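First the structure, in the form of structure tokens, and then the observations on it.
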Number of protein chains: 2
Amino acid sequence: MTAVMHDRASVVRRLLHPRAIAVVGASSDLGKINGRPLKHLLEKGYAGRILPVNPKYREIAGLPCYPSIASLPEAADLAIVAVPAHEVLASVEALGERGIRAAVIFSSGFGEMGPAGVALEQALAERARSSGVVLCGPNCLGFINAFDRVYATFSQYADGETGSGPIAFVTQSGAFGTAIAALVRQRGLGLGYFINTGNEVDLGFSELMMAVIEDPRIRVAAGYLEGLEDGAALVQLAQRCQALRKPLVLTKVGRMAAGVRAAASHTGALAVEDAVFDAVIRQYGVLRARNEEQMLDMLEALCQPRMATGCGLGIATQSGGAGVMMADRAEEVGLKVPELMPETHARLVLVMPAFGAACNPVDVTGQFVAHPELLRESVVVLMDDPNIHVGIVWLQLMHAHVDKLVHIFREIQERTAKPFLVCWVAAPDEAVRRLRAMGIAVYGAGERAVEAAGALAQYQMHQRRADGAMSMPPLATPKLPNGAKDGVQATVQATEWLRAAGVPMATVALARDEDEAVALWRASGGAVALKIESPDITHKTEIGGVLLKLNDEAAVRSGFQSLMQGAARALPQARLSGVLVQTMAQGHLELVIGARRDPVFGMIVMVGLGGVLVEVLKDVVFRRAPFNTHEAMGMLADLRMGALLDGVRGQPPVDRKAIARMLADVSAWTAAMQPVLAELDLNPVLVGPMGPIAVDCVMVFRGPPARDG
Amino acid sequence: MTAVMHDRASVVRRLLHPRAIAVVGASSDLGKINGRPLKHLLEKGYAGRILPVNPKYREIAGLPCYPSIASLPEAADLAIVAVPAHEVLASVEALGERGIRAAVIFSSGFGEMGPAGVALEQALAERARSSGVVLCGPNCLGFINAFDRVYATFSQYADGETGSGPIAFVTQSGAFGTAIAALVRQRGLGLGYFINTGNEVDLGFSELMMAVIEDPRIRVAAGYLEGLEDGAALVQLAQRCQALRKPLVLTKVGRMAAGVRAAASHTGALAVEDAVFDAVIRQYGVLRARNEEQMLDMLEALCQPRMATGCGLGIATQSGGAGVMMADRAEEVGLKVPELMPETHARLVLVMPAFGAACNPVDVTGQFVAHPELLRESVVVLMDDPNIHVGIVWLQLMHAHVDKLVHIFREIQERTAKPFLVCWVAAPDEAVRRLRAMGIAVYGAGERAVEAAGALAQYQMHQRRADGAMSMPPLATPKLPNGAKDGVQATVQATEWLRAAGVPMATVALARDEDEAVALWRASGGAVALKIESPDITHKTEIGGVLLKLNDEAAVRSGFQSLMQGAARALPQARLSGVLVQTMAQGHLELVIGARRDPVFGMIVMVGLGGVLVEVLKDVVFRRAPFNTHEAMGMLADLRMGALLDGVRGQPPVDRKAIARMLADVSAWTAAMQPVLAELDLNPVLVGPMGPIAVDCVMVFRGPPARDG
């Protein structure tokens with residue numbers, strides 16, 4: 001198996017760096033879809049062999065043209081397939097027979113075409129496997145490897161200048177991806193790889209990106225996603241990017257799940273798929289760009305060679321208002337705009353005009369046109385401040401002063417080692433070009449520069465967290481319970497498993513008759529709750545199946561009877577196991593903790609504030625299991641109503657670490673149970689002076705719908 | 001007084017449309033601040049008379065130069081003053097003596113320069129008044145009236161093409177304003193007026209905008225604000241813009257208040273100045289742009305001639321992903337992306353390729369390059385749908401098809417009367433230019449186009465609301481109470497005033513001794529609350545001054561004593577009036593309703609959700625008083641936790657209209673009381689099946705700090 005995987009990886013490497021390329025269905029009209037790759041390969045100087053295949057021609061553009069795949073003179077590393085959909089399967093089979101191991105399928109008419117297309121796509125996947133051919137596509141624009149001038153594409157992007165650069169860009173959308181590639185070019189950043197994955201019948205986003213991120217010429221990875229099936233591969237990619245210290249920026253639109261999932265508990269019902277995606281990718285250090293403009297802004301900052309070492313932002317402007325606007329935005333994106341050290345202030349006062357602001361943001365005013373050293377010296381002093389980790393210099397127009405200003409920025413660049421971004425509104429084109437050529441990121445709007453600086457700080461935070469996580473001891477992995485059956489697990493059993501995993505659970509036992517219920521109440525030594533127990537009832541409260549604070553024999557006896565009778569009336573079909581007798585727990589705050597097996601990412605743990613808040617505000621936070629207490633502390637920090645944890649209206653603060661430990665323990669146990677566990681719902685978890693304790697537990701086992709390899 | 005005001009208005013009109021302009025401190029170096037206006041006036045063809053003043057020259061650029069203001073041959077309508085700060089006062093005085101009634105002061109060195117500058121600025125204001133000269137500035141870049149080629153400015157913006165257009169732009173910031181003006185030019189929109197108000201020693205933002213908005217050539221007003229002192233003038237401006245049906249777009253950075261206000265109640269403490277600004281301008285139909293890019297995006301949509309008649313957005317793209325991204329954003333900005341009517345769907349299926357999406361968003365796929373009629377026909381059909389009020393067509397690159405596409409858009413324009421915006425990513429410059437010349441707004445990013453479409457829909461909603469408000473009966477205006485003194489008002493008195501104004505208040509009476517308390521309890525016929533009453537105690541609960549649910553004589557007697565003694569112990573200085581006896585009210589939901597006299601906008605009413613929520617979430621909404629129940633319904637709709645009003649966890653929904661009536665009544669009463677009322681705090685207001693009722697009331701009278709005119 002490993003040999004096969006290794007072989008596949010080397011086939012993909014060859015696909016991306018082919019020594020020879022066959023073009024199946026090549027046209028002599030180099031403007032057509034099936035002619036454009038030839039044109040680009042020839043014009044842009046591909047050094048390998050180009051082998052057009054088409055029975056209609058003897059030669060195309062001076063290259064000998066072969067009548068069939070079988071007649072090719074060599075087993076090319078890559079075939080471009082640009083034939084009608086109904087001919088694709090036969091072509092793939094012929095490629096396999098000729099020993100060609102990799103193909104890019106341009107042809108459309110597959111999954112995007114309704115049921116008939118879906119069937120054809122499944123047949124294609126099967127044919128590729130049986131023929132031993134690795135596929136990119138179908139219904140894709142192909143790819144560019146700009147380093148080796150491989151233009152296996154008909155994308156409009158290839159029509160212009162496509163000089164290589166440090167960015168690897170993989171996109172599921174052809175049209176939107178082409179637009180993004182063109183925007184990258186406009187900024188002069190340069191793509192090393194441009195890959196459109198299309199319908200992903202074989203090679204998917206993560207596998208292709210994984211192949212190119214290893215290239216030492218690539219420094220930044222960028223992806224555009226519309227859907228995702230293999231979350232584990234994306235997590236693996238993100239982890240590899242972290243290890244390589246190459247930032248991964250993703251934009252994702254739309255919904256992710258293959259279908260709507262009918263959840264058996266409140267927890268599941270609250271889960272929003274995009275919220276899970278968002279939480280998981282951040283957990284693994286991915287930067288998410290909300291749209292293509294933000295992606296470009298982030299890429300520009302990440303491509304310049306200096307990284308931030310903290311989140312302190314220094315701002316220098318010639319407009320007080322612009323400074324205020326950027327400071328406001330900085331707070332929103334998690335940057336600090338720190339007060340300056342007294343030494344910095346003292347130095348600034350020496351270089352600043354009287355009417356400028358010698359604090360952060362620094363307002364150098366329009367006077368710097370007359371006295372350019374003002375800007376240079378103030379920015380250098382600002383960047384010297386130990387609390388400043390990244391700078392933004394804001395200016396506007398200045399068409400008459402391009403040379404002077406470019407020179408000033410060069411001097412600033414030489415006198416500080418920290419990253420600084422230039423925001424130049426309505427800038428002269430020449431100035432932007434020259435600054436970018438110097439490796440300085442340039443923006444046209446203040447808030448966008450701040451968001452880009454925020455990405456630098458966030459990346460640095462992610463990296464530090466990742467380094468910290470590596471030094472944590474590995475989590476314990478409990479064993480799968482023997483002989484567990486699908487369905488709702490008995491509460492007492494579920495409680496025992498979780499308690500054994502370290503999760504604080506209220507004491508509970510099952511009474512099968514009144515006498516047992518009374519005995520359990522007596523043993524508890526205080527008030528108890530009675531709850532109906534049945535594998536068929538997950539929402540006990542809704543059928544009146546819960547009685548609280550019972551503390552005398554008569555109440556316990558009549559409680560037992562009324563619960564059993566009430567449940568039998570409400571749900572005559574339900575199998576009643578008896579009544580749970582549970583010690584009443586203390587707590588002034590309610591949490592909900594849950595876990596469910598997500599079809600994309602596997603086990604996902606959720607925490608939220610309980611009661612009305614969780615229902616109306618949907619104030620819930622997700623992480624992929626397993627995770628450590630540090631990550632769990634981050635979950636609590638992400639709660640919008642997190643201030644409630646610190647005590648309001650005279651309540652004492654709760655022990656965040658105890659909750660974090662509980663979350664980490666839940667995550668370890670549920671991750672280990674992934675093969676059998678579909679859903680776990682601890683609702684409510686009461687938090688009081690003694691820490692958190694779960695007082696209700698619904699655990700559902702169910703094998704995964706389709707097991708992965 | 002009216003005559004003076006009228007006179008001032010005509011002076012301002014002359015300032016903006018001068019027949020002759022004196023340039024005091026004119027330089028023969030036309031590149032310097034004091035030379036640039038001459039250069040622009042001469043080069044750009046100002047038709048009036050230009051009168052340089054400077055004893056150093058006999059002539060400048062062929063114009064006779066006068067040695068002094070006194071020696072000017074005529075009383076010009078406008079003087080530009082570009083002399084050192086210390087000479088400005090004398091110049092203004094001389095202008096008055098020469099009969100020149102209006103001046104633009106470029107000079108800096110005033111309020112922006114610390115205490116000495118502030119003093120000089122106050123002296124300048126005084127000198128202007130005594131000399132009868134109306135001032136724009138100081139410390140400003142001046143203004144441009146592009147229609148009449150008046151260049152009373154040294155802004156860099158004037159260096160380029162400054163063709164007139166339908167936008168009036170007034171900015172408090174010189175540098176940022178110049179940048180915005182340059183961005184307007186880049187888009188080919190054109191400014192009719194560019195005005196920088198600087199330190200606003202005399203003419204402020206609203207007064208200047210009010211003067212230019214009347215110009216029939218102006219269709220859209222845009223403003224950039226950093227601070228605001230006269231909220232009433234801004235409201236008046238907004239109302240005038242609504243009446244003229246000219247949209248007003250504002251960007252404001254930073255904080256608004258002159259100082260920090262120590263609030264006497266919770267209500268005040270929660271008020272965030274920017275939240276008040278934001279709520280009030282929206283109340284009066286202003287569109288707020290969060291930054292300069294959004295302002296430009298909105299302006300471009302508002303400058304094209306078609307307005308939306310609803311909030312239904314139709315999207316046509318060549319990329320499914322772009323469509324999803326725009327649909328997501330549409331929901332966030334309050335647009336709907338409606339399902340299409342069956343007829344529309346049927347027509348679309350006829351024109352669409354099989355693999356496109358014949359629903360909204362419409363995905364025409366890249367095939368439209370080969371079949372341009374696909375795009376044309378699908379967009380026309382889409383726009384014909386009665387639920388679609390504004391359209392966005394998304395495309396990318398297509399450098400080889402500019403002519404064809406421009407032609408298609410012209411045909412679409414002819415075949416629909418509804419507004420549609422084009423989003424063209426990485427567009428050929430020529431295409432953008434040609435579309436804009438045709439009156440079509442063009443964007444470079446999908447989310448930005450959606451936000452612009454959102455502004456069109458929002459503007460239409462504002463206008464409809466304004467038209468509706470005009471047909472509402474005027475609110476009753478109660479009389480000022482006689483002989484009311486500053487300070488905390490007696491609760492019984494405050495309750496009577498509010499109840500007379502229609503505000504539902506819990507029954508309350510003052511007991512001066514135990515016997516009175518017992519008699520009041522008996523008269524109430526049920527459980528009562530006892531609360532300490534003192535003009536010196538506004539936070540009764542914090543000193544243990546409240547006892548709830550007392551329902552027997554002994555409890556009432558001991559309650560009275562313990563409250564009086566407790567208060568005397570806690571606050572020995574406090575004057576104790578006695579104990580309030582209040583009927584216990586019913587309600588399952590707590591609101592907070594408050595009002596305070598804002599230094600900028602006058603009386604502001606607030607509503608929020610009570611208890612922990614208001615403290616942690618700060619879920620409060622503001623409006624300027626007075627307002628009607630329709631506006632009050634809008635306040636409730638704006639609450640983030642508004643779903644609580646509709647009942648969660650089996651609670652019944654509350655009567656929103658009853659709460660809205662209460663808010664409107666509070667707004668009418670507090671607005672009438674503005675001369676004496678500083679603050680009103682109804683906290684909590686309990687909402688139950690009988691509607692809302694205020695169970696606590698703190699009312700503070702205080703004259704305004706400095707009375708306006």
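Chain labels run A, B, ... following the order of the structure tokens; each chain numbers its residues from 1, and ligands are numbered from 1 in the order shown.
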Counting only C-alpha atoms, which residues from chain B have an atom at most 9 Å from any atom of chain A, and could you show them as a ChimeraX atom specification? /B:109,112-114,156-157,173-176,178-180,182-183,186,225-226,252-254,291-293,318-322,324-325,328,354-356,365-366,395-399,425-426,445-447,611-613,615-617,640-644,648-649
Quick one: residues within 10 Å of Ile281 of chain B, only C-alpha atoms counted, chain neighbours fewer than 6 positions away excluded, as number ranges by chain? B: 231, 234-235, 238, 248-250, 287-288, 623-624
Take the residues from that selection and put them in a file with N, CA and C atoms, as a short mmCIF file (atom, residue, chain, number, x, y, z; two decimals), in the first residue's frame.
data_model
loop_
_atom_site.label_atom_id
_atom_site.label_comp_id
_atom_site.auth_asym_id
_atom_site.auth_seq_id
_atom_site.Cartn_x
_atom_site.Cartn_y
_atom_site.Cartn_z
N GLY B 231 -25.42 68.51 16.04
CA GLY B 231 -26.19 67.39 15.52
C GLY B 231 -27.49 67.84 14.88
N LEU B 234 -27.04 68.71 11.34
CA LEU B 234 -26.88 67.53 10.49
C LEU B 234 -28.23 66.87 10.22
N VAL B 235 -29.07 66.82 11.25
CA VAL B 235 -30.41 66.24 11.07
C VAL B 235 -31.20 67.07 10.06
N ALA B 238 -29.99 66.28 6.65
CA ALA B 238 -30.46 64.97 6.21
C ALA B 238 -31.92 65.05 5.78
N LEU B 248 -27.65 61.13 0.71
CA LEU B 248 -26.52 61.67 1.46
C LEU B 248 -25.73 60.49 2.02
N VAL B 249 -24.45 60.41 1.63
CA VAL B 249 -23.58 59.32 2.09
C VAL B 249 -22.54 59.91 3.02
N LEU B 250 -22.39 59.34 4.21
CA LEU B 250 -21.41 59.86 5.15
C LEU B 250 -20.43 58.77 5.59
N LEU B 287 -27.06 57.33 4.33
CA LEU B 287 -26.34 56.07 4.09
C LEU B 287 -24.95 56.21 4.69
N ARG B 288 -24.58 55.29 5.56
CA ARG B 288 -23.24 55.39 6.14
C ARG B 288 -22.29 54.44 5.43
N ARG B 623 -32.48 56.04 19.22
CA ARG B 623 -33.11 56.92 18.23
C ARG B 623 -33.17 58.33 18.82
N ARG B 624 -33.18 59.29 17.93
CA ARG B 624 -33.34 60.68 18.36
C ARG B 624 -34.83 60.94 18.59
#
Looking only at the backbone, which of the residues in segment 449-671 of chain B does DSSP tag as alpha helix (DSSP H), as JSON, numbers by chain? {"B": [449, 450, 451, 452, 453, 454, 455, 456, 457, 458, 459, 460, 461, 462, 463, 464, 465, 466, 467, 468, 469, 470, 491, 492, 493, 494, 495, 496, 497, 498, 499, 500, 514, 515, 516, 517, 518, 519, 520, 521, 522, 523, 524, 553, 554, 555, 556, 557, 558, 559, 560, 561, 562, 563, 564, 565, 566, 567, 568, 569, 570, 612, 613, 614, 615, 616, 617, 629, 630, 631, 632, 633, 634, 635, 636, 637, 638, 656, 657, 658, 659, 660, 661, 662, 663, 664, 665, 666, 667, 668, 669, 670, 671]}
Can you pull out every residue within 7 Å of Thr491 of chain A, counting only C-alpha atoms, but drop anything in the same chain fewer than 4 positions away, and send it as a list in words? Thr495, Cys697 and Val698 of chain A
Neighbours of Leu563 of chain B within 12 Å (only C-alpha atoms; same-chain residues fewer than 5 positions away dropped), as a PyMOL selection string? chain B and resi 511-514+517+529-534+540-541+543-548+555-558+568-571+576-581
Write the residues of the selection above to a file with C-alpha atoms, as a short mmCIF file (atom, residue, chain, number, x, y, z; two decimals), in the first residue's frame.
data_model
loop_
_atom_site.label_atom_id
_atom_site.label_comp_id
_atom_site.auth_asym_id
_atom_site.auth_seq_id
_atom_site.Cartn_x
_atom_site.Cartn_y
_atom_site.Cartn_z
CA ALA B 511 -44.80 56.36 52.71
CA ARG B 512 -43.23 58.72 55.23
CA ASP B 513 -43.74 56.34 58.12
CA GLU B 514 -44.59 52.72 58.89
CA ALA B 517 -46.55 52.08 54.34
CA ALA B 529 -42.10 46.24 46.76
CA LEU B 530 -40.55 48.74 49.16
CA LYS B 531 -37.79 51.04 47.90
CA ILE B 532 -35.88 53.75 49.65
CA GLU B 533 -36.64 57.21 48.20
CA SER B 534 -34.05 59.95 48.21
CA LYS B 540 -31.21 51.80 45.20
CA THR B 541 -30.33 48.12 44.78
CA ILE B 543 -27.14 49.96 48.87
CA GLY B 544 -29.73 47.28 49.66
CA GLY B 545 -32.54 49.81 49.27
CA VAL B 546 -35.10 47.48 47.67
CA LEU B 547 -37.31 44.77 49.23
CA LEU B 548 -39.59 42.70 47.00
CA ALA B 555 -43.01 42.48 56.89
CA VAL B 556 -44.03 45.91 55.62
CA ARG B 557 -43.36 47.54 59.00
CA SER B 558 -39.98 45.95 59.52
CA ALA B 568 -28.92 56.19 56.80
CA ARG B 569 -26.02 53.89 57.62
CA ALA B 570 -24.85 53.48 54.03
CA LEU B 571 -25.19 57.14 53.04
CA LEU B 576 -34.29 60.41 52.90
CA SER B 577 -37.82 61.21 51.70
CA GLY B 578 -39.30 57.96 52.93
CA VAL B 579 -40.06 54.61 51.35
CA LEU B 580 -41.85 53.95 48.07
CA VAL B 581 -44.60 51.34 48.16
#
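The smallest atom-to-atom distance between Gly35 of chain A and any of A:Ala152, A:Pro67, A:Phe409, A:Leu16, using only C-alpha atoms, is found for A:Ala152.
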DSSP on the backbone: which residues in segment 620-700 of chain B end up as strand (DSSP E)? Give the answer as a VMD selection string. chain B and resid 620 to 624 677 to 688 691 to 694 697 to 700
At what distance in Å, to one decimal, does atom CA of Arg13 of chain B lie from atom CA of Gly165 of chain B? 18.8 Å
Pick out the closest residue to Leu313 of chain B from this set: B:Phe169, B:Phe420, B:Tyr193, B:Tyr66. Count only C-alpha atoms.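 Among the listed residues, the smallest separation from Leu313 of chain B belongs to B:Phe420.
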Within 10 Å of Ala441 of chain A, counting only C-alpha atoms, which residues qualify if same-chain residues fewer than 5 places away don't, as a PyMOL selection string? chain A and resi 187+189+297-305+392+419-423+432+435-436+449+452
Segment 216-218 of chain A: which residues within 8 Å, counting only C-alpha atoms, same-chain residues fewer than 3 positions away excluded, as a ChimeraX atom specification? /A:165-168,192,212-213,221
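One finds atom CA of Pro689 of chain A at 22.6 Å from atom CA of Met606 of chain A.
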Pick from A:Val600, A:Asn628, A:Lys479, A:Arg465: nearest to Asp274 of chain A, with only C-alpha atoms counted?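 Of all the options, A:Val600 lies closest to Asp274 of chain A.
Among the candidates A:Ile693, A:Ala527, A:Ala509, A:Ala466, the one nearest to Ala243 of chain A when counting only C-alpha atoms is A:Ala466.
Rounded to one decimal, atom CA of Asn196 of chain A and atom CA of Ala158 of chain A lie 12.7 Å from each other.
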Could you check which of A:Val83, A:Gly525, A:Gly566, A:Gly310 is closest to Glu542 of chain A, using only C-alpha atoms?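 That would be A:Gly566, the residue with the smallest distance to Glu542 of chain A.
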Need the shell around segment 674-688 of chain B: protein/DNA/RNA residues with any atom at most 6 Å away, counting only C-alpha atoms. Skip same-chain ones fewer than 4 positions apart. Format as a ChimeraX atom specification? /B:586-597,692-703
